[in-house]
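Chemist: Have a peek at start.pdb (PDB, C-alpha atoms).
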```pdb
ATOM      1  CA  MET A   1      24.208  -3.246  -3.840
ATOM      2  CA  ARG A   2      23.384  -0.381  -1.519
ATOM      3  CA  VAL A   3      19.696   0.543  -1.665
ATOM      4  CA  LEU A   4      18.159   3.750  -0.371
ATOM      5  CA  VAL A   5      14.744   2.943   1.127
ATOM      6  CA  THR A   6      12.301   5.789   1.637
ATOM      7  CA  GLY A   7       9.357   5.098   3.922
ATOM      8  CA  ALA A   8      11.432   2.530   5.827
ATOM      9  CA  SER A   9       9.493   3.156   9.044
ATOM     10  CA  GLY A  10       6.185   2.406   7.314
ATOM     11  CA  PHE A  11       4.303  -0.857   6.863
ATOM     12  CA  ILE A  12       5.584  -1.885   3.434
ATOM     13  CA  GLY A  13       8.968  -0.205   3.733
ATOM     14  CA  SER A  14       9.870  -1.919   7.004
ATOM     15  CA  HIS A  15       9.073  -5.358   5.575
ATOM     16  CA  ALA A  16      10.927  -4.508   2.364
ATOM     17  CA  VAL A  17      14.084  -3.730   4.343
ATOM     18  CA  VAL A  18      14.002  -7.249   5.796
ATOM     19  CA  ALA A  19      13.546  -8.796   2.336
ATOM     20  CA  LEU A  20      16.299  -6.662   0.818
ATOM     21  CA  ARG A  21      18.735  -7.604   3.573
ATOM     22  CA  GLU A  22      17.847 -11.282   3.162
ATOM     23  CA  ALA A  23      18.589 -10.907  -0.565
ATOM     24  CA  GLY A  24      22.075  -9.648   0.284
ATOM     25  CA  HIS A  25      21.615  -5.905  -0.168
ATOM     26  CA  GLU A  26      22.759  -3.155   2.181
ATOM     27  CA  CYS A  27      20.102  -0.585   3.088
ATOM     28  CA  LEU A  28      20.298   3.125   3.803
ATOM     29  CA  LEU A  29      17.036   4.107   5.471
ATOM     30  CA  LEU A  30      15.759   7.609   4.798
ATOM     31  CA  VAL A  31      13.467   8.408   7.723
ATOM     32  CA  ARG A  32      12.023  11.433   9.477
ATOM     33  CA  ASN A  33      11.969   9.795  12.906
ATOM     34  CA  PRO A  34      14.989   7.573  13.697
ATOM     35  CA  GLU A  35      13.485   6.407  16.993
ATOM     36  CA  LYS A  36      10.380   5.135  15.200
ATOM     37  CA  VAL A  37      12.343   3.130  12.661
ATOM     38  CA  LYS A  38      14.428   1.507  15.392
ATOM     39  CA  LYS A  39      11.205   0.141  16.891
ATOM     40  CA  VAL A  40       9.711  -0.924  13.569
ATOM     41  CA  VAL A  41      12.486  -2.372  11.400
ATOM     42  CA  LYS A  42      13.618  -5.777  12.600
ATOM     43  CA  VAL A  43      16.827  -5.807  10.553
ATOM     44  CA  PRO A  44      17.838  -2.136  10.430
ATOM     45  CA  GLY A  45      20.248  -0.593   7.983
ATOM     46  CA  VAL A  46      22.142   2.666   8.282
ATOM     47  CA  LEU A  47      19.819   5.523   9.202
ATOM     48  CA  TYR A  48      19.705   8.815   7.308
ATOM     49  CA  GLN A  49      17.416  11.389   8.903
ATOM     50  CA  ALA A  50      15.625  13.573   6.369
ATOM     51  CA  ASP A  51      12.234  14.455   4.940
ATOM     52  CA  ILE A  52      11.559  13.482   1.333
ATOM     53  CA  THR A  53      10.204  16.982   0.690
ATOM     54  CA  ASP A  54      13.751  18.324   1.309
ATOM     55  CA  ALA A  55      15.316  18.005  -2.150
ATOM     56  CA  GLU A  56      18.900  18.693  -1.054
ATOM     57  CA  ALA A  57      18.795  16.134   1.757
ATOM     58  CA  VAL A  58      17.285  13.537  -0.567
ATOM     59  CA  ARG A  59      20.023  14.118  -3.130
ATOM     60  CA  LYS A  60      22.742  13.601  -0.524
ATOM     61  CA  ALA A  61      21.183  10.296   0.481
ATOM     62  CA  LEU A  62      20.767   9.106  -3.123
ATOM     63  CA  ALA A  63      24.396   9.952  -3.873
ATOM     64  CA  GLN A  64      25.470   7.373  -1.280
ATOM     65  CA  CYS A  65      23.575   4.520  -2.940
ATOM     66  CA  ASP A  66      23.438   2.357  -6.062
ATOM     67  CA  ALA A  67      19.653   1.956  -6.212
ATOM     68  CA  VAL A  68      16.486   3.191  -4.534
ATOM     69  CA  LEU A  69      13.151   1.845  -3.346
ATOM     70  CA  HIS A  70      10.681   4.701  -3.054
ATOM     71  CA  ALA A  71       8.047   3.384  -0.654
ATOM     72  CA  ALA A  72       7.239   6.622   1.182
ATOM     73  CA  ALA A  73       3.678   7.845   0.624
ATOM     74  CA  ASP A  74       0.637   8.966   2.543
ATOM     75  CA  ILE A  75      -2.487   6.878   2.086
ATOM     76  CA  GLY A  76      -5.297   9.107   3.277
ATOM     77  CA  VAL A  77      -8.143   6.820   2.146
ATOM     78  CA  THR A  78      -9.594   6.022   5.565
ATOM     79  CA  GLY A  79      -9.877   9.557   6.866
ATOM     80  CA  HIS A  80      -6.537  10.326   8.521
ATOM     81  CA  GLU A  81      -5.441  13.941   8.107
ATOM     82  CA  VAL A  82      -2.268  14.034   5.999
ATOM     83  CA  ASP A  83      -0.501  16.335   3.553
ATOM     84  CA  LEU A  84      -1.012  14.169   0.493
ATOM     85  CA  HIS A  85       0.552  16.649  -1.917
ATOM     86  CA  GLY A  86       3.731  16.935   0.158
ATOM     87  CA  ALA A  87       4.700  13.258   0.265
ATOM     88  CA  ASN A  88       2.917  11.963  -2.830
ATOM     89  CA  VAL A  89       3.944  14.737  -5.206
ATOM     90  CA  ARG A  90       6.854  16.878  -4.005
ATOM     91  CA  GLY A  91       8.560  13.989  -2.243
ATOM     92  CA  LEU A  92       8.114  11.657  -5.192
ATOM     93  CA  LYS A  93       9.653  14.197  -7.566
ATOM     94  CA  ASN A  94      12.628  14.726  -5.270
ATOM     95  CA  VAL A  95      13.367  11.016  -5.074
ATOM     96  CA  LEU A  96      12.664   9.759  -8.578
ATOM     97  CA  ALA A  97      13.919  12.660 -10.698
ATOM     98  CA  GLN A  98      17.181  12.978  -8.775
ATOM     99  CA  ALA A  99      17.720   9.209  -8.788
ATOM    100  CA  VAL A 100      17.472   9.245 -12.576
ATOM    101  CA  GLU A 101      19.827  12.219 -12.793
ATOM    102  CA  LEU A 102      22.393  10.472 -10.566
ATOM    103  CA  GLY A 103      22.179   7.245 -12.564
ATOM    104  CA  LEU A 104      20.870   4.899  -9.881
ATOM    105  CA  ASP A 105      19.810   1.476 -11.139
ATOM    106  CA  PRO A 106      17.279   0.089 -10.399
ATOM    107  CA  ILE A 107      14.882   2.827  -9.387
ATOM    108  CA  VAL A 108      11.788   1.149  -7.921
ATOM    109  CA  HIS A 109       8.650   3.158  -7.221
ATOM    110  CA  LEU A 110       5.796   1.738  -5.154
ATOM    111  CA  SER A 111       2.513   2.820  -6.728
ATOM    112  CA  THR A 112      -0.938   1.301  -6.123
ATOM    113  CA  VAL A 113      -3.702  -0.567  -7.927
ATOM    114  CA  ALA A 114      -5.804   2.504  -7.078
ATOM    115  CA  VAL A 115      -4.396   4.308 -10.146
ATOM    116  CA  PHE A 116      -6.576   1.952 -12.224
ATOM    117  CA  VAL A 117      -9.698   2.368 -10.035
ATOM    118  CA  PRO A 118     -12.492   2.788 -10.958
ATOM    119  CA  PRO A 119     -11.500   0.292 -13.652
ATOM    120  CA  SER A 120     -12.768   0.315 -17.208
ATOM    121  CA  ARG A 121     -12.495  -3.471 -17.691
ATOM    122  CA  PRO A 122     -13.531  -6.589 -15.707
ATOM    123  CA  VAL A 123      -9.892  -7.455 -14.962
ATOM    124  CA  ILE A 124      -7.113  -4.967 -14.243
ATOM    125  CA  THR A 125      -3.872  -5.538 -16.143
ATOM    126  CA  VAL A 126      -0.632  -3.613 -16.095
ATOM    127  CA  ASP A 127      -1.709  -2.009 -19.374
ATOM    128  CA  SER A 128      -5.185  -0.980 -18.188
ATOM    129  CA  PRO A 129      -6.157   2.660 -18.776
ATOM    130  CA  LEU A 130      -5.428   4.964 -15.894
ATOM    131  CA  ALA A 131      -8.516   5.994 -13.975
ATOM    132  CA  ARG A 132      -9.886   9.452 -13.246
ATOM    133  CA  PRO A 133     -10.226   9.444  -9.455
ATOM    134  CA  ARG A 134     -12.267  12.055  -7.644
ATOM    135  CA  ASN A 135     -10.539  11.782  -4.254
ATOM    136  CA  ALA A 136      -7.362  13.545  -3.150
ATOM    137  CA  TYR A 137      -5.422  10.344  -2.573
ATOM    138  CA  GLY A 138      -6.240   8.968  -6.000
ATOM    139  CA  MET A 139      -5.398  12.235  -7.732
ATOM    140  CA  THR A 140      -1.990  12.580  -6.078
ATOM    141  CA  LYS A 141      -1.121   8.946  -6.795
ATOM    142  CA  LEU A 142      -2.238   9.347 -10.410
ATOM    143  CA  TYR A 143      -0.052  12.425 -10.777
ATOM    144  CA  GLY A 144       2.887  10.492  -9.370
ATOM    145  CA  GLU A 145       2.145   7.583 -11.706
ATOM    146  CA  ARG A 146       2.262   9.763 -14.786
ATOM    147  CA  TYR A 147       5.398  11.489 -13.560
ATOM    148  CA  ALA A 148       7.174   8.171 -12.925
ATOM    149  CA  ARG A 149       6.208   6.830 -16.344
ATOM    150  CA  ASP A 150       7.708   9.899 -18.031
ATOM    151  CA  LEU A 151      11.112   9.305 -16.436
ATOM    152  CA  ASP A 152      13.716   6.967 -17.905
ATOM    153  CA  GLY A 153      14.432   3.686 -16.160
ATOM    154  CA  VAL A 154      11.836   3.710 -13.359
ATOM    155  CA  THR A 155      10.306   0.359 -12.330
ATOM    156  CA  ILE A 156       6.755   0.689 -10.973
ATOM    157  CA  VAL A 157       5.025  -1.844  -8.708
ATOM    158  CA  TYR A 158       1.233  -1.774  -8.179
ATOM    159  CA  PRO A 159       0.120  -3.569  -4.981
ATOM    160  CA  GLY A 160      -3.487  -4.188  -3.997
ATOM    161  CA  GLY A 161      -4.857  -4.090  -0.449
ATOM    162  CA  VAL A 162      -1.820  -4.817   1.696
ATOM    163  CA  VAL A 163      -2.395  -6.638   4.989
ATOM    164  CA  GLY A 164      -0.427  -8.625   7.520
ATOM    165  CA  PRO A 165       1.349  -8.286  10.834
ATOM    166  CA  GLY A 166       3.614  -5.470  11.919
ATOM    167  CA  GLN A 167       1.847  -2.312  10.741
ATOM    168  CA  PRO A 168       3.293   0.617  12.735
ATOM    169  CA  THR A 169       0.104   2.694  12.484
ATOM    170  CA  LEU A 170      -3.130   0.846  11.845
ATOM    171  CA  ASP A 171      -4.516   1.927   8.486
ATOM    172  CA  ALA A 172      -6.113   0.841   5.194
ATOM    173  CA  LEU A 173      -7.145  -2.821   4.875
ATOM    174  CA  ASN A 174      -5.784  -3.886   8.281
ATOM    175  CA  GLU A 175      -8.028  -1.221   9.771
ATOM    176  CA  GLY A 176     -10.873  -2.427   7.564
ATOM    177  CA  ILE A 177     -10.533  -6.001   8.817
ATOM    178  CA  ARG A 178     -10.709  -4.780  12.399
ATOM    179  CA  ALA A 179     -13.838  -2.776  11.613
ATOM    180  CA  GLY A 180     -15.434  -5.730   9.823
ATOM    181  CA  LEU A 181     -14.859  -8.012  12.784
ATOM    182  CA  ARG A 182     -16.072  -5.416  15.265
ATOM    183  CA  GLN A 183     -19.040  -3.890  13.473
ATOM    184  CA  GLY A 184     -19.835  -6.206  10.572
ATOM    185  CA  TRP A 185     -19.205  -6.369   6.847
ATOM    186  CA  PRO A 186     -21.236  -4.385   4.326
ATOM    187  CA  ILE A 187     -22.240  -6.750   1.518
ATOM    188  CA  VAL A 188     -22.066  -4.559  -1.568
ATOM    189  CA  PRO A 189     -20.947  -4.902  -5.184
ATOM    190  CA  GLY A 190     -17.229  -4.917  -5.862
ATOM    191  CA  GLY A 191     -14.649  -6.563  -3.674
ATOM    192  CA  VAL A 192     -11.124  -6.366  -2.308
ATOM    193  CA  ASN A 193      -7.647  -7.432  -3.366
ATOM    194  CA  VAL A 194      -5.808  -8.993  -0.410
ATOM    195  CA  LEU A 195      -2.010  -8.987  -0.623
ATOM    196  CA  ASP A 196       0.268 -10.178   2.178
ATOM    197  CA  VAL A 197       2.865  -7.524   3.025
ATOM    198  CA  ARG A 198       5.529 -10.238   3.329
ATOM    199  CA  ASP A 199       4.858 -11.457  -0.220
ATOM    200  CA  LEU A 200       4.974  -7.891  -1.507
ATOM    201  CA  ALA A 201       8.300  -7.331   0.272
ATOM    202  CA  VAL A 202       9.837 -10.353  -1.457
ATOM    203  CA  ALA A 203       8.544  -9.144  -4.824
ATOM    204  CA  LEU A 204      10.055  -5.707  -4.251
ATOM    205  CA  ALA A 205      13.420  -7.213  -3.355
ATOM    206  CA  ARG A 206      13.337  -9.289  -6.562
ATOM    207  CA  CYS A 207      13.143  -6.053  -8.571
ATOM    208  CA  PHE A 208      16.710  -5.141  -7.649
ATOM    209  CA  THR A 209      18.597  -6.486 -10.638
ATOM    210  CA  PRO A 210      20.404  -3.671 -12.503
ATOM    211  CA  GLY A 211      20.415  -3.191 -16.232
ATOM    212  CA  LYS A 212      16.804  -4.175 -16.943
ATOM    213  CA  GLY A 213      15.425  -0.688 -17.528
ATOM    214  CA  ALA A 214      11.885   0.461 -16.878
ATOM    215  CA  ARG A 215       9.388  -2.254 -15.930
ATOM    216  CA  ARG A 216       5.874  -2.331 -14.519
ATOM    217  CA  TYR A 217       4.626  -5.050 -12.177
ATOM    218  CA  LEU A 218       1.004  -5.538 -11.116
ATOM    219  CA  LEU A 219       0.508  -7.411  -7.834
ATOM    220  CA  GLY A 220      -3.046  -7.001  -6.596
ATOM    221  CA  GLY A 221      -3.215 -10.268  -4.679
ATOM    222  CA  HIS A 222      -6.220 -12.500  -4.026
ATOM    223  CA  PHE A 223      -9.560 -10.990  -5.079
ATOM    224  CA  LEU A 224     -12.510 -11.594  -2.747
ATOM    225  CA  THR A 225     -16.068 -10.356  -2.878
ATOM    226  CA  TRP A 226     -17.227  -8.763   0.351
ATOM    227  CA  GLY A 227     -19.328 -11.820   1.138
ATOM    228  CA  GLN A 228     -16.268 -14.038   0.690
ATOM    229  CA  MET A 229     -14.254 -11.733   2.937
ATOM    230  CA  ALA A 230     -16.885 -12.012   5.688
ATOM    231  CA  THR A 231     -16.926 -15.808   5.389
ATOM    232  CA  LEU A 232     -13.127 -15.970   5.512
ATOM    233  CA  CYS A 233     -13.098 -13.902   8.702
ATOM    234  CA  GLU A 234     -15.611 -16.312  10.216
ATOM    235  CA  ASP A 235     -13.432 -19.261   9.220
ATOM    236  CA  VAL A 236     -10.238 -17.885  10.748
ATOM    237  CA  THR A 237     -11.870 -16.652  13.971
ATOM    238  CA  GLY A 238     -14.384 -19.458  14.468
ATOM    239  CA  ARG A 239     -17.019 -16.830  15.215
ATOM    240  CA  ARG A 240     -19.960 -15.515  13.270
ATOM    241  CA  VAL A 241     -19.540 -12.016  11.891
ATOM    242  CA  ARG A 242     -22.366  -9.659  11.086
ATOM    243  CA  ARG A 243     -23.318  -8.909   7.495
ATOM    244  CA  PHE A 244     -25.558  -6.145   6.248
ATOM    245  CA  ARG A 245     -26.625  -5.640   2.657
ATOM    246  CA  ILE A 246     -26.838  -2.027   1.560
ATOM    247  CA  PRO A 247     -27.113  -0.375  -1.866
ATOM    248  CA  GLY A 248     -23.942   1.119  -3.269
ATOM    249  CA  ALA A 249     -25.473   4.598  -3.242
ATOM    250  CA  LEU A 250     -26.187   4.283   0.462
ATOM    251  CA  LEU A 251     -22.596   3.159   1.166
ATOM    252  CA  ARG A 252     -21.283   6.232  -0.636
ATOM    253  CA  ALA A 253     -23.714   8.468   1.255
ATOM    254  CA  THR A 254     -22.677   6.892   4.568
ATOM    255  CA  GLY A 255     -19.024   7.495   3.722
ATOM    256  CA  SER A 256     -19.756  11.147   2.957
ATOM    257  CA  THR A 257     -21.668  11.517   6.240
ATOM    258  CA  LEU A 258     -18.819   9.969   8.207
ATOM    259  CA  ASP A 259     -16.363  12.315   6.470
ATOM    260  CA  ALA A 260     -18.371  15.271   7.741
ATOM    261  CA  LEU A 261     -18.714  13.865  11.261
ATOM    262  CA  LYS A 262     -14.992  13.083  11.546
ATOM    263  CA  ARG A 263     -14.239  16.760  11.028
ATOM    264  CA  VAL A 264     -16.048  17.641  14.272
ATOM    265  CA  VAL A 265     -15.996  14.523  16.466
ATOM    266  CA  PRO A 266     -13.510  11.633  16.850
ATOM    267  CA  LEU A 267     -14.849   8.522  15.107
ATOM    268  CA  ASP A 268     -12.958   5.239  14.908
ATOM    269  CA  HIS A 269     -14.241   3.845  11.613
ATOM    270  CA  PRO A 270     -12.311   3.519   8.329
ATOM    271  CA  LEU A 271     -15.240   4.118   5.971
ATOM    272  CA  THR A 272     -14.945   7.302   3.942
ATOM    273  CA  ARG A 273     -16.435   8.351   0.624
ATOM    274  CA  ASP A 274     -13.089   7.600  -1.013
ATOM    275  CA  ALA A 275     -12.957   4.127   0.537
ATOM    276  CA  ALA A 276     -16.546   3.466  -0.534
ATOM    277  CA  ASP A 277     -15.719   4.276  -4.152
ATOM    278  CA  ILE A 278     -12.848   1.770  -4.125
ATOM    279  CA  MET A 279     -14.910  -0.900  -2.336
ATOM    280  CA  LEU A 280     -17.701  -0.715  -4.905
ATOM    281  CA  THR A 281     -15.683  -0.705  -8.115
ATOM    282  CA  LEU A 282     -12.613  -2.892  -7.561
ATOM    283  CA  VAL A 283     -12.178  -5.963  -9.798
ATOM    284  CA  PRO A 284      -9.590  -8.784  -9.964
ATOM    285  CA  THR A 285      -6.038  -8.135 -11.165
ATOM    286  CA  ASP A 286      -3.945 -10.206 -13.556
ATOM    287  CA  ASP A 287      -0.837 -10.906 -11.472
ATOM    288  CA  VAL A 288       0.431 -13.893 -13.491
ATOM    289  CA  PRO A 289       3.117 -12.004 -15.497
ATOM    290  CA  THR A 290       4.540 -10.455 -12.323
ATOM    291  CA  LEU A 291       4.581 -13.706 -10.354
ATOM    292  CA  ARG A 292       6.227 -15.519 -13.250
ATOM    293  CA  GLU A 293       8.897 -12.910 -13.999
ATOM    294  CA  LEU A 294       9.859 -12.260 -10.370
ATOM    295  CA  GLY A 295       9.585 -15.907  -9.323
ATOM    296  CA  VAL A 296       7.201 -15.078  -6.477
ATOM    297  CA  SER A 297       4.278 -17.110  -5.166
ATOM    298  CA  LEU A 298       1.502 -15.793  -2.947
ATOM    299  CA  ARG A 299       0.721 -17.557   0.318
ATOM    300  CA  PRO A 300      -2.888 -18.695   0.776
ATOM    301  CA  VAL A 301      -5.200 -15.823   1.609
ATOM    302  CA  GLU A 302      -6.510 -17.806   4.588
ATOM    303  CA  ASN A 303      -3.027 -17.767   6.124
ATOM    304  CA  THR A 304      -2.637 -14.053   5.520
ATOM    305  CA  VAL A 305      -5.950 -13.118   7.134
ATOM    306  CA  ALA A 306      -5.363 -15.503  10.060
ATOM    307  CA  ASP A 307      -1.915 -13.992  10.715
ATOM    308  CA  THR A 308      -3.400 -10.502  10.460
ATOM    309  CA  VAL A 309      -6.155 -11.267  12.968
ATOM    310  CA  ARG A 310      -3.687 -12.852  15.403
ATOM    311  CA  TRP A 311      -1.504  -9.768  15.160
ATOM    312  CA  LEU A 312      -4.433  -7.387  15.664
ATOM    313  CA  ILE A 313      -5.355  -9.290  18.845
ATOM    314  CA  ALA A 314      -1.772  -9.468  20.112
ATOM    315  CA  GLU A 315      -1.283  -5.725  19.644
ATOM    316  CA  GLY A 316      -4.525  -4.842  21.427
ATOM    317  CA  HIS A 317      -6.259  -3.545  18.295
ATOM    318  CA  LEU A 318      -8.952  -6.200  18.475
ATOM    319  CA  THR A 319     -10.699  -8.251  21.151
ATOM    320  CA  ILE A 320     -12.470 -11.459  20.200
TER
END
```
Show this structure as structure tokens.
Modeler:
Amino acid sequence: MRVLVTGASGFIGSHAVVALREAGHECLLLVRNPEKVKKVVKVPGVLYQADITDAEAVRKALAQCDAVLHAAADIGVTGHEVDLHGANVRGLKNVLAQAVELGLDPIVHLSTVAVFVPPSRPVITVDSPLARPRNAYGMTKLYGERYARDLDGVTIVYPGGVVGPGQPTLDALNEGIRAGLRQGWPIVPGGVNVLDVRDLAVALARCFTPGKGARRYLLGGHFLTWGQMATLCEDVTGRRVRRFRIPGALLRATGSTLDALKRVVPLDHPLTRDAADIMLTLVPTDDVPTLRELGVSLRPVENTVADTVRWLIAEGHLTI
């Protein structure tokens, strides 16, 4: 089938294009910057230049396809200035609502485990209550989640902390790993879900079977405490990493202070108040139903982190 991929020049979208092509699908890539996608996507499809906030342009692209993967979104957790409402709300509506109206099947929307964070239970499941986030990113993603659930026939995928090689712009957990190796790991309550972008891409491609209706797939990945994450980084680098124990309240306060400083001076550190909230409250996810239904297995987390570190070094993001 022919699949429209939004966000094809991004981290997850570019890997998803490769997996979709390997599964035998043709891809139409909706991108704002064609030159960027040519550098990022290893197995490019046909390019369609548009912005997802342009409803008419999005409709024209959807009309050329059988199905859609909506992977375009702004993250905004680690302090980068973005228009979260534009991509995460207006763009999402343009893609999903018009895809339903045009009868595309499947319609796959990439959400995030963050819609369940802070969690109300010790393990997140696909049926967990939606959270009430305080940060802008969480609120826009929660709005999009509710909107997608109200539409007919939309499949929603919830990834955890996505890492791995080939991220066009360093962000989120890849950026966090670099910071941990450079400056040390805060040992605080909570933890992190580590999901290899290549495993996520395969899972997304496996969603493209028509006629199955609306589905929801949770794929958080491997859950590690922050102490386990520090130890894993030591194992894959062969070097000791710094650890510092701080109370959760102090981590939140530090994130708030860094937020204020980043507004006036350039600071290269991913900690924000929003990131601190996620770090302190995240719990494991129950991925078994998703792995079983999609026939996907996750590679060992040690391999994922080792590949990520090698890539960070090769791209000049990290010196060890």
Chemist: Any idea what the distance is between atom CA of A:Leu282 and atom CA of A:Gln228?
Modeler: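 Going from atom CA of A:Leu282 over to atom CA of A:Gln228, I get 14.3 Å.
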Chemist: With distances taken over all atoms listed in the file, which of A:Asp171, A:Val113, A:Trp185, A:Cys207 is nearest to A:Gly220?
Modeler: A:Val113
Chemist: Where does the PyMOL selection byres ((chain A and resi 186) around 12) land in this file, that is, which residues does it pick, as a PyMOL selection string?
Modeler: chain A and resi 176-177+179-181+183-185+187-191+225-230+241-248+250-252+254+271+276+279-280
Chemist: Have a look at A:Val157, A:Ala8, A:Leu62, A:Leu195 and name the one nearest to A:Glu101; count all atoms listed in the file.
Modeler: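 Ranking A:Val157, A:Ala8, A:Leu62, A:Leu195 by distance to A:Glu101, first place goes to A:Leu62.
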Chemist: Could you write out as JSON, numbers by chain the residues that the PyMOL selection byres ((chain A and resi 64-70) around 7) matches in the shown file?
Modeler: {"A": [1, 2, 3, 4, 5, 6, 60, 61, 62, 63, 71, 72, 104, 105, 106, 107, 108, 109, 110]}
Chemist: If you apply the PyMOL selection byres ((chain A and resi 255-258) around 10) to this file, what residues do you get, as a ChimeraX atom specification?
Modeler: /A:78-79,249-254,259-263,265,267,269-277
Chemist: Using all atoms listed in the file, pick whichever of A:Arg59, A:Asn88, A:Val283, A:Val192 has the shortest atom-to-atom distance to A:Ser120.
Modeler: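 Of the candidates, the smallest distance to A:Ser120 is held by A:Val283.
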Chemist: Which residues are close to A:Leu20, i.e. within 9 Å by all atoms listed in the file, leaving aside same-chain residues fewer than 4 positions away? Reply as a ChimeraX atom specification.
Modeler: /A:3,15-16,24-27,201-202,204-206,208
Chemist: What lies within 8 Å of A:Leu312 using all atoms listed in the file, ignoring chain neighbours under 5 positions off, as a list in words?
Modeler: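 Counting all atoms listed in the file, the residues come to Pro165, Arg178, His317 and Leu318 of chain A.
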Chemist: For A:Leu92, which of A:Pro129, A:Gly144, A:Pro119, A:Pro284 is the closest residue, counting all atoms listed in the file?
Modeler: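 Once distances to A:Leu92 are computed over all atoms listed in the file, the minimum belongs to A:Gly144.
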Chemist: Record the distance separating atom CA of A:Arg240 and atom CA of A:Val197, expressed in Å with one decimal.
Modeler: 26.3 Å
Chemist: Between atom CA of A:Gly7 and atom CA of A:Gly45, what is the spacing in Å?
Modeler: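 Distance reported for this atom pair: 12.9 Å.
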Chemist: My list of candidates is A:Asp51, A:Asp199, A:Glu145, A:Asp235. Which is closest to A:Asn33 when distances are computed with all atoms listed in the file?
Modeler: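 Nearest candidate to A:Asn33 out of A:Asp51, A:Asp199, A:Glu145, A:Asp235: A:Asp51.
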Chemist: Point out the residue among A:Thr231, A:Thr237, A:Ser297, A:Asn193 with the least atom-to-atom distance to A:Val123, counting only C-alpha atoms.
Modeler: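 Closest to A:Val123, using only C-alpha atoms: A:Asn193.
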